[in-house]
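J.: Okay, so here is entry.cif, and as you'll see once you scroll down, it has mmCIF, C-alpha atoms.
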```cif
data_run
#
loop_
_atom_site.label_atom_id
_atom_site.label_comp_id
_atom_site.auth_asym_id
_atom_site.auth_seq_id
_atom_site.Cartn_x
_atom_site.Cartn_y
_atom_site.Cartn_z
CA MET S 224 0.00 0.00 0.00
CA ARG S 225 1.22 3.46 -0.85
CA TRP S 226 0.54 6.19 1.69
CA ILE S 227 -0.95 8.53 -0.87
CA TRP S 228 -4.52 9.42 -0.01
CA ILE S 229 -5.31 11.67 -2.93
CA ASP S 230 -5.38 10.65 -6.59
CA LYS S 231 -4.79 13.87 -8.45
CA PHE S 232 -4.67 17.60 -7.99
CA LEU S 233 -7.33 19.62 -9.78
CA GLU S 234 -6.10 23.06 -8.77
CA PHE S 235 -2.95 24.32 -7.15
CA GLU S 236 -2.55 28.01 -6.49
CA SER S 237 0.72 28.62 -4.71
CA GLY S 238 0.33 29.76 -1.10
CA ARG S 239 -3.45 30.05 -1.34
CA ARG S 240 -5.53 27.09 -2.37
CA ALA S 241 -5.32 23.54 -3.61
CA GLN S 242 -7.98 21.11 -4.73
CA ALA S 243 -7.51 17.38 -5.11
CA VAL S 244 -9.68 14.40 -5.89
CA LYS S 245 -9.95 11.08 -4.06
CA ASN S 246 -11.89 8.25 -5.65
CA VAL S 247 -13.21 5.69 -3.21
CA THR S 248 -13.09 2.17 -4.63
CA LEU S 249 -13.84 -1.35 -3.49
CA ALA S 250 -10.39 -2.33 -4.72
CA GLU S 251 -9.02 -0.76 -1.52
CA ASP S 252 -8.52 -3.68 0.84
CA HIS S 253 -9.08 -1.77 4.05
CA LEU S 254 -12.68 -0.99 3.09
CA HIS S 255 -13.48 -4.68 3.49
CA ASP S 256 -12.44 -4.50 7.13
CA HIS S 257 -14.05 -1.12 7.69
CA PHE S 258 -16.60 -2.55 7.95
CA PRO S 259 -17.25 -6.16 6.85
CA GLY S 260 -20.40 -6.02 4.76
CA TYR S 261 -20.63 -2.23 5.04
CA PRO S 262 -17.58 -0.64 3.46
CA THR S 263 -17.04 3.06 4.23
CA MET S 264 -14.00 5.26 3.73
CA PRO S 265 -12.43 5.72 7.19
CA ASN S 266 -12.74 9.31 8.37
CA SER S 267 -9.15 9.20 9.58
CA LEU S 268 -8.00 8.66 5.99
CA ILE S 269 -10.13 11.58 4.82
CA VAL S 270 -8.26 13.67 7.39
CA GLU S 271 -5.00 12.30 5.98
CA GLY S 272 -6.01 13.11 2.39
CA LEU S 273 -6.96 16.65 3.33
CA ALA S 274 -3.71 16.99 5.28
CA GLN S 275 -1.74 15.81 2.25
CA THR S 276 -3.57 18.28 0.01
CA GLY S 277 -2.93 21.12 2.47
CA GLY S 278 0.53 19.94 3.49
CA ILE S 279 1.87 20.00 -0.05
CA LEU S 280 0.33 23.46 -0.46
CA VAL S 281 2.12 24.70 2.67
CA GLY S 282 5.40 22.97 1.83
CA GLU S 283 5.46 24.33 -1.71
CA HIS S 284 4.94 27.86 -0.41
CA ALA S 285 8.34 27.73 1.29
CA GLY S 286 9.97 25.97 -1.63
CA PHE S 287 10.10 22.73 0.42
CA LYS S 288 12.83 24.22 2.57
CA GLU S 289 10.73 23.84 5.73
CA LYS S 290 9.93 20.54 7.37
CA VAL S 291 6.16 20.65 7.49
CA VAL S 292 4.45 18.42 10.02
CA LEU S 293 0.78 17.95 10.78
CA ALA S 294 0.59 19.36 14.30
CA LYS S 295 -3.05 19.55 15.24
CA ILE S 296 -6.62 19.21 14.02
CA PRO S 297 -8.50 21.83 16.07
CA LYS S 298 -11.81 20.97 14.42
CA ALA S 299 -13.18 18.12 12.29
CA VAL S 300 -16.83 17.57 11.43
CA PHE S 301 -18.13 14.73 9.26
CA HIS S 302 -21.63 15.07 7.83
CA PHE S 303 -22.01 11.64 6.24
CA ALA S 304 -19.98 8.56 5.40
CA ALA S 305 -18.09 8.34 2.11
CA LEU S 306 -18.88 5.12 0.25
CA PRO S 307 -17.28 3.12 -2.57
CA GLY S 308 -18.02 4.88 -5.86
CA ASP S 309 -17.93 8.32 -4.27
CA THR S 310 -15.59 10.93 -5.67
CA LEU S 311 -14.36 13.16 -2.87
CA ILE S 312 -13.24 16.65 -3.80
CA TYR S 313 -10.79 17.99 -1.24
CA THR S 314 -10.37 21.76 -1.07
CA THR S 315 -7.78 23.35 1.20
CA THR S 316 -7.30 27.06 1.74
CA VAL S 317 -4.41 28.71 3.56
CA GLU S 318 -5.82 30.92 6.34
CA THR S 319 -2.54 31.94 7.96
CA ILE S 320 1.05 31.13 7.15
CA ASN S 321 4.28 32.34 8.71
CA PRO S 322 7.78 30.97 9.34
CA GLU S 323 6.55 28.98 12.35
CA GLY S 324 3.60 27.20 10.76
CA ALA S 325 0.30 27.44 8.93
CA MET S 326 -3.43 27.12 9.52
CA VAL S 327 -5.44 25.61 6.68
CA SER S 328 -9.20 25.26 6.34
CA ALA S 329 -10.33 22.18 4.49
CA THR S 330 -13.50 20.68 3.07
CA SER S 331 -14.48 17.40 1.44
CA HIS S 332 -17.41 17.37 -0.99
CA VAL S 333 -19.30 14.61 -2.79
CA GLY S 334 -20.87 16.46 -5.69
CA ASP S 335 -22.48 19.52 -4.12
CA ARG S 336 -22.80 17.95 -0.69
CA LEU S 337 -20.42 18.99 2.07
CA GLN S 338 -19.10 15.69 3.39
CA ALA S 339 -16.53 16.95 5.92
CA GLU S 340 -14.96 20.19 7.10
CA MET S 341 -11.96 20.82 9.26
CA GLU S 342 -9.13 23.05 10.36
CA ILE S 343 -5.63 21.68 9.98
CA PHE S 344 -2.66 23.18 11.71
CA PHE S 345 0.84 22.58 10.36
CA ALA S 346 4.08 23.39 12.16
CA HIS S 347 7.47 23.96 10.64
CA LEU S 348 9.77 21.63 12.49
CA ALA S 349 12.97 23.11 13.85
CA ASP S 350 16.02 22.13 11.89
CA GLU S 351 17.32 19.55 14.32
CA PRO S 352 19.45 16.58 13.28
CA ARG S 353 16.88 14.11 14.58
CA ALA S 354 14.39 15.34 11.99
CA GLN S 355 16.73 15.10 9.03
CA GLY S 356 16.19 11.42 8.38
CA PHE S 357 12.41 11.70 8.22
CA PHE S 358 12.24 14.40 5.62
CA LYS S 359 13.47 14.14 2.12
CA PRO S 360 11.96 16.93 0.08
CA GLU S 361 12.47 14.86 -3.05
CA ASN S 362 9.89 12.38 -1.80
CA PHE S 363 7.22 15.05 -1.57
CA VAL S 364 8.16 16.54 -4.87
CA PHE S 365 8.13 13.17 -6.60
CA THR S 366 4.65 12.59 -5.23
CA MET S 367 3.59 16.01 -6.44
CA LYS S 368 4.69 15.11 -9.92
CA LEU S 369 2.78 11.86 -9.74
CA LEU S 370 -0.33 13.74 -8.63
CA GLY S 371 -0.18 16.21 -11.47
CA VAL S 372 0.51 19.33 -9.43
CA PHE S 373 2.70 20.72 -12.16
CA ASP S 374 -0.03 20.24 -14.74
CA VAL S 375 -2.48 22.48 -12.89
CA GLY S 376 -0.22 24.64 -10.71
CA ARG S 377 -0.33 28.40 -10.72
CA GLY S 378 1.95 30.73 -8.84
CA ALA S 379 0.41 33.48 -6.75
CA GLU S 380 2.64 36.21 -8.08
CA ARG S 381 5.06 34.28 -10.16
CA ARG S 382 5.04 31.63 -12.79
CA PHE S 383 4.57 28.22 -11.23
CA GLU S 384 7.70 26.26 -11.76
CA GLU S 385 8.90 22.82 -10.93
CA PRO S 386 11.25 22.95 -7.96
CA PRO S 387 14.85 22.08 -8.88
CA ALA S 388 14.44 18.70 -7.20
CA VAL S 389 11.95 17.63 -9.88
CA ALA S 390 14.26 18.56 -12.65
CA ARG S 391 17.00 16.55 -10.98
CA MET S 392 14.76 13.52 -10.79
CA ARG S 393 13.61 13.57 -14.34
CA ASP S 394 15.97 10.81 -15.38
CA ILE S 395 15.56 8.69 -12.28
CA PRO S 396 13.32 5.63 -12.70
CA PRO S 397 10.31 5.89 -10.35
CA GLY S 398 11.27 2.79 -8.36
CA LEU S 399 14.55 4.36 -7.36
CA ALA S 400 13.14 7.75 -6.50
CA ARG S 401 11.16 6.37 -3.59
CA SER S 402 13.18 5.66 -0.51
CA MET U 160 -12.57 51.03 19.66
CA PRO U 161 -13.75 47.70 21.12
CA THR U 162 -14.52 47.56 24.83
CA LYS U 163 -12.68 45.31 27.26
CA GLU U 164 -15.72 43.03 27.33
CA GLU U 165 -15.80 42.74 23.55
CA ILE U 166 -12.11 41.90 23.48
CA PHE U 167 -12.53 39.32 26.23
CA ASP U 168 -15.47 37.68 24.43
CA LYS U 169 -13.44 37.32 21.24
CA ILE U 170 -10.45 35.93 23.13
CA ARG U 171 -12.75 33.45 24.83
CA ALA U 172 -14.11 32.32 21.44
CA ALA U 173 -10.53 31.91 20.12
CA LEU U 174 -9.52 29.82 23.14
CA VAL U 175 -12.66 27.69 22.93
CA ASP U 176 -11.83 26.91 19.29
CA ALA U 177 -8.10 26.37 19.86
CA LEU U 178 -8.30 24.31 23.04
CA GLY U 179 -11.69 22.63 22.81
CA VAL U 180 -12.72 23.94 26.24
CA ASP U 181 -16.16 25.15 27.34
CA ASP U 182 -17.06 28.85 27.45
CA ASP U 183 -17.36 28.91 31.22
CA GLU U 184 -13.87 27.48 31.73
CA VAL U 185 -12.33 30.57 30.13
CA THR U 186 -12.19 32.94 33.10
CA PRO U 187 -9.69 35.81 33.46
CA GLU U 188 -7.74 33.89 36.14
CA ALA U 189 -7.54 30.64 34.16
CA THR U 190 -4.01 29.56 33.23
CA LEU U 191 -3.57 28.27 29.71
CA THR U 192 -1.56 25.18 30.55
CA GLY U 193 -2.80 24.36 34.05
CA ASP U 194 -6.52 25.11 33.77
CA LEU U 195 -7.18 24.97 30.03
CA GLY U 196 -4.81 22.15 29.11
CA ALA U 197 -2.82 24.00 26.45
CA GLU U 198 0.23 22.24 25.03
CA SER U 199 3.16 23.85 23.26
CA ILE U 200 1.68 23.64 19.77
CA ASP U 201 -1.51 25.32 21.01
CA PHE U 202 0.36 28.56 21.69
CA LEU U 203 1.05 29.05 18.00
CA ASP U 204 -2.55 28.17 17.20
CA ILE U 205 -3.73 30.79 19.72
CA VAL U 206 -1.38 33.42 18.24
CA PHE U 207 -2.74 32.72 14.73
CA ARG U 208 -6.34 33.07 15.92
CA LEU U 209 -5.67 36.31 17.81
CA GLU U 210 -3.90 37.79 14.80
CA LYS U 211 -6.84 36.94 12.57
CA THR U 212 -9.58 37.92 15.01
CA PHE U 213 -8.11 41.29 15.92
CA ASP U 214 -6.20 41.98 12.71
CA ILE U 215 -2.96 42.48 14.63
CA LYS U 216 0.59 41.20 14.20
CA ILE U 217 2.11 39.28 17.08
CA PRO U 218 5.89 38.98 16.61
CA ARG U 219 7.43 35.67 17.56
CA GLY U 220 8.10 35.45 21.29
CA GLU U 221 6.29 38.66 22.17
CA LEU U 222 3.17 37.18 23.74
CA PHE U 223 4.67 33.86 24.84
CA PRO U 224 8.44 34.31 25.32
CA GLU U 225 9.10 30.62 25.87
CA SER U 226 12.68 30.88 24.65
CA LEU U 227 13.68 32.46 28.00
CA LEU U 228 13.40 29.01 29.56
CA THR U 229 16.34 27.67 27.60
CA ASP U 230 18.64 30.63 28.24
CA ALA U 231 21.15 29.85 31.01
CA THR U 232 21.42 33.56 31.86
CA TYR U 233 17.80 33.60 32.89
CA VAL U 234 17.19 30.10 34.22
CA GLN U 235 19.62 28.13 36.38
CA ASP U 236 18.98 24.98 38.39
CA GLY U 237 15.33 25.05 37.42
CA LYS U 238 14.75 28.57 38.74
CA PHE U 239 14.63 32.00 37.19
CA THR U 240 17.62 34.14 38.19
CA GLN U 241 17.25 37.80 39.15
CA ALA U 242 18.30 38.66 35.59
CA GLY U 243 15.57 36.31 34.42
CA ILE U 244 12.95 37.99 36.60
CA ASP U 245 14.06 41.42 35.32
CA GLU U 246 13.83 40.16 31.75
CA LEU U 247 10.35 38.76 32.41
CA LYS U 248 9.18 42.12 33.74
CA LYS U 249 10.48 43.78 30.64
CA ARG U 250 9.17 41.21 28.17
CA MET U 251 5.86 40.44 29.90
CA PRO U 252 4.51 43.71 31.29
CA PHE U 253 1.02 42.23 31.05
CA ALA U 254 1.71 39.28 33.35
CA ASP U 255 1.79 39.13 37.12
CA VAL U 256 5.56 38.69 37.36
CA GLU U 257 5.63 39.97 40.97
CA ALA U 258 3.62 37.00 42.17
CA PHE U 259 5.71 34.59 40.11
CA ALA U 260 8.95 36.07 41.51
CA LYS U 261 8.09 34.81 45.00
CA ASN U 262 8.69 31.25 43.83
CA PRO U 263 10.28 31.53 40.38
CA LYS U 264 10.49 27.85 39.50
CA ALA U 265 10.75 27.17 35.79
CA THR U 266 7.98 24.58 36.17
CA GLU U 267 5.65 27.40 37.31
CA PHE U 268 6.47 29.55 34.30
CA GLY U 269 3.33 28.43 32.47
CA ASN U 270 1.17 29.98 35.20
CA LEU U 271 2.17 33.43 33.94
CA PHE U 272 0.10 32.75 30.83
CA THR U 273 -3.43 33.55 31.95
CA VAL U 274 -6.48 34.66 30.04
CA ALA U 275 -6.23 38.07 31.75
CA MET U 276 -2.65 38.41 30.54
CA ILE U 277 -3.74 37.78 26.95
CA SER U 278 -6.58 40.30 27.38
CA LYS U 279 -4.23 43.05 28.53
CA TYR U 280 -1.79 42.27 25.74
CA VAL U 281 -4.49 42.37 23.06
CA GLU U 282 -6.02 45.57 24.51
CA SER U 283 -2.64 47.30 24.22
CA LYS U 284 -2.21 46.06 20.65
CA VAL U 285 -5.70 47.04 19.53
CA ASN U 286 -5.50 50.45 21.17
CA ALA U 287 -2.08 51.10 19.69
CA GLY U 288 -3.36 50.22 16.22
#
```
Render the structure in this file as structure tokens.

T.:
Amino acid sequence: MRWIWIDKFLEFESGRRAQAVKNVTLAEDHLHDHFPGYPTMPNSLIVEGLAQTGGILVGEHAGFKEKVVLAKIPKAVFHFAALPGDTLIYTTTVETINPEGAMVSATSHVGDRLQAEMEIFFAHLADEPRAQGFFKPENFVFTMKLLGVFDVGRGAERRFEEPPAVARMRDIPPGLARS
Amino acid sequence: MPTKEEIFDKIRAALVDALGVDDDEVTPEATLTGDLGAESIDFLDIVFRLEKTFDIKIPRGELFPESLLTDATYVQDGKFTQAGIDELKKRMPFADVEAFAKNPKATEFGNLFTVAMISKYVESKVNAG
């Protein structure tokens, strides 16, 4: 299983807003345990998908120089369960961002219906040696490429460009880029 | 110019959202860590909410100067030194440093952060703006 809980970006406006899609499918093994005979997309994984949508937005804003960690979910409300066959549209909007962290508001919609809404708080981790091993910007950037960020991305005040790390990876086979 | 009550009500709403506490728990005397259960990451969350609610800028370390704790000039053997107390008075004019100075243990430092302290800080910011 790959820990990627969004399928594709639909919009990516640097430092402001990102929208991604998550298709829920019966091919996902965990749905058969959650719950046997009544498969529903776990809410925790909807949180994760929204955090990935927002986290990449926050990380990109600082050119992936900061180590962005999900620090806190001050609020999360789920209005109904997401079922196999549903297409979830995740929208994340940056409310506040500064060198210490960022607050992002996030929604999940199925069609016009608001499925979930939350606030997600990201912190920029201090640059301590312990953290180095966990964060390889290339991993995020590779995932961004996979998710089509660079196909839809727009810069807020500048042209949206691939970070240098993507250019470096262009010739690396996908299997080797993940580590 | 908002009244003290209006400012307090907005601070209460920000703390209720940030800390998941009930309205009636947010009293002026309540300490953020002891009474309201705030953890370190919550302080940044609170700063963000205050900035947004009151349209003010809160420079890093101005409202919650936690970095003093790790400065050996100000804290030695788990207690604030006289230099540390003097620095606290200078950096936190809105807190009751006099009361803290009677038993300046670093472990009690969090008790300086009360709802009343935030109110006074925000009042000064809003009135200055």

J.: Please enumerate the residues selected by the PyMOL selection byres ((chain U and resi 217) around 12) when evaluated against the supplied file, formatted as a ChimeraX atom specification.

T.: /S:321 /U:202-203,205-216,218-224,277,280-281,283-285

J.: Near chain U, which residues of chain S fall within 10 Å when you count only C-alpha atoms, and what do they look like as a PyMOL selection string?

T.: chain S and resi 294-298+318-326+344-346

J.: Any idea what's packed within 9 Å of range 160-162 of chain U, counting all atoms listed in the file, ignoring anything in its chain fewer than 3 positions away? Could you give it as a tab-separated table (two decimals) with C-alpha atoms, in the frame of the given file?

T.:
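Result went into part.tsv, see below:
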```tsv
chain	number	residue	atom	x	y	z
U	165	GLU	CA	-15.80	42.74	23.55
U	166	ILE	CA	-12.11	41.90	23.48
U	167	PHE	CA	-12.53	39.32	26.23
U	282	GLU	CA	-6.02	45.57	24.51
U	285	VAL	CA	-5.70	47.04	19.53
U	286	ASN	CA	-5.50	50.45	21.17
```

J.: Excluding same-chain residues fewer than 2 positions from Val180 in chain U, what lies within 12 Å of it counting all atoms listed in the file, as a PyMOL selection string?

T.: (chain S and resi 297) or (chain U and resi 171-178+182-186+189+191+194-197)

J.: Which distance in Å separates CA of Ala349 in chain S and CA of Val292 in chain S, to one decimal?

T.: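 Atom-to-atom, CA of Ala349 in chain S and CA of Val292 in chain S are spaced 10.5 Å apart.
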
J.: Could you tell me how far CA of Val281 in chain S lies from CA of Val300 in chain S, in Å and to one decimal?

T.: 22.1 Å

J.: For this structure, which residues satisfy the selection - the PyMOL selection byres ((chain U and resi 246) around 12) - when it is evaluated on the file as given? I want them as a list in words.

T.: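 What the PyMOL selection byres ((chain U and resi 246) around 12) grabs from the file is Pro224, Ser226, Leu227, Leu228, Asp230, Thr232, Tyr233, Val234, Phe239, Thr240, Gln241, Ala242, Gly243, Ile244, Asp245, Leu247, Lys248, Lys249, Arg250, Met251, Pro252, Val256 and Ala260 of chain U.
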
J.: I need the residues from that last selection saved to file as a compact mmCIF listing (two decimals), in the coordinates of the input (with C-alpha atoms), if you can.

T.:
```txt
# COMPACT_ATOMS: atom_id res chain seq x y z
CA PRO U 224 8.44 34.31 25.32
CA SER U 226 12.68 30.88 24.65
CA LEU U 227 13.68 32.46 28.00
CA LEU U 228 13.40 29.01 29.56
CA ASP U 230 18.64 30.63 28.24
CA THR U 232 21.42 33.56 31.86
CA TYR U 233 17.80 33.60 32.89
CA VAL U 234 17.19 30.10 34.22
CA PHE U 239 14.63 32.00 37.19
CA THR U 240 17.62 34.14 38.19
CA GLN U 241 17.25 37.80 39.15
CA ALA U 242 18.30 38.66 35.59
CA GLY U 243 15.57 36.31 34.42
CA ILE U 244 12.95 37.99 36.60
CA ASP U 245 14.06 41.42 35.32
CA LEU U 247 10.35 38.76 32.41
CA LYS U 248 9.18 42.12 33.74
CA LYS U 249 10.48 43.78 30.64
CA ARG U 250 9.17 41.21 28.17
CA MET U 251 5.86 40.44 29.90
CA PRO U 252 4.51 43.71 31.29
CA VAL U 256 5.56 38.69 37.36
CA ALA U 260 8.95 36.07 41.51
```

J.: Can you pull out the residues contacting Pro307 in chain S? Cut-off 7 Å, using only C-alpha atoms, and skip same-chain residues under 5 positions away; I want them as number ranges by chain.

T.: S: 247-249, 263

J.: Quick one, how far is CA of Phe253 in chain U from CA of Met276 in chain U?

T.: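 Atom-to-atom, CA of Phe253 in chain U and CA of Met276 in chain U are spaced 5.3 Å apart.
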
J.: I'd like to know which of U:Glu225, U:Asp255, U:Glu267, U:Glu164 is closest to Glu188 in chain U, using all atoms listed in the file.

T.: U:Asp255

J.: Counting only C-alpha atoms, what is within 9 Å of Ile227 in chain S, bar same-chain residues fewer than 2 positions away, as an MDAnalysis selection string?

T.: chainID S and resid 224:225 229:230 271:272 275 366

J.: List as an mmCIF file with C-alpha atoms, in the frame of the given file the protein and nucleic acid residues near range 336-342 of chain S, meaning an atom at most 9 Å away when all atoms listed in the file are counted, but skip any in the same chain fewer than 6 places from it.

T.:
```
data_model
loop_
_atom_site.group_PDB
_atom_site.id
_atom_site.type_symbol
_atom_site.label_atom_id
_atom_site.label_comp_id
_atom_site.auth_asym_id
_atom_site.auth_seq_id
_atom_site.Cartn_x
_atom_site.Cartn_y
_atom_site.Cartn_z
ATOM 1 C CA ASN S 266 -12.740 9.310 8.370
ATOM 2 C CA ILE S 269 -10.130 11.580 4.820
ATOM 3 C CA VAL S 270 -8.260 13.670 7.390
ATOM 4 C CA LEU S 273 -6.960 16.650 3.330
ATOM 5 C CA LYS S 295 -3.050 19.550 15.240
ATOM 6 C CA ILE S 296 -6.620 19.210 14.020
ATOM 7 C CA PRO S 297 -8.500 21.830 16.070
ATOM 8 C CA LYS S 298 -11.810 20.970 14.420
ATOM 9 C CA ALA S 299 -13.180 18.120 12.290
ATOM 10 C CA VAL S 300 -16.830 17.570 11.430
ATOM 11 C CA PHE S 301 -18.130 14.730 9.260
ATOM 12 C CA HIS S 302 -21.630 15.070 7.830
ATOM 13 C CA PHE S 303 -22.010 11.640 6.240
ATOM 14 C CA ALA S 304 -19.980 8.560 5.400
ATOM 15 C CA ALA S 305 -18.090 8.340 2.110
ATOM 16 C CA LEU S 311 -14.360 13.160 -2.870
ATOM 17 C CA MET S 326 -3.430 27.120 9.520
ATOM 18 C CA VAL S 327 -5.440 25.610 6.680
ATOM 19 C CA SER S 328 -9.200 25.260 6.340
ATOM 20 C CA ALA S 329 -10.330 22.180 4.490
ATOM 21 C CA THR S 330 -13.500 20.680 3.070
#
```
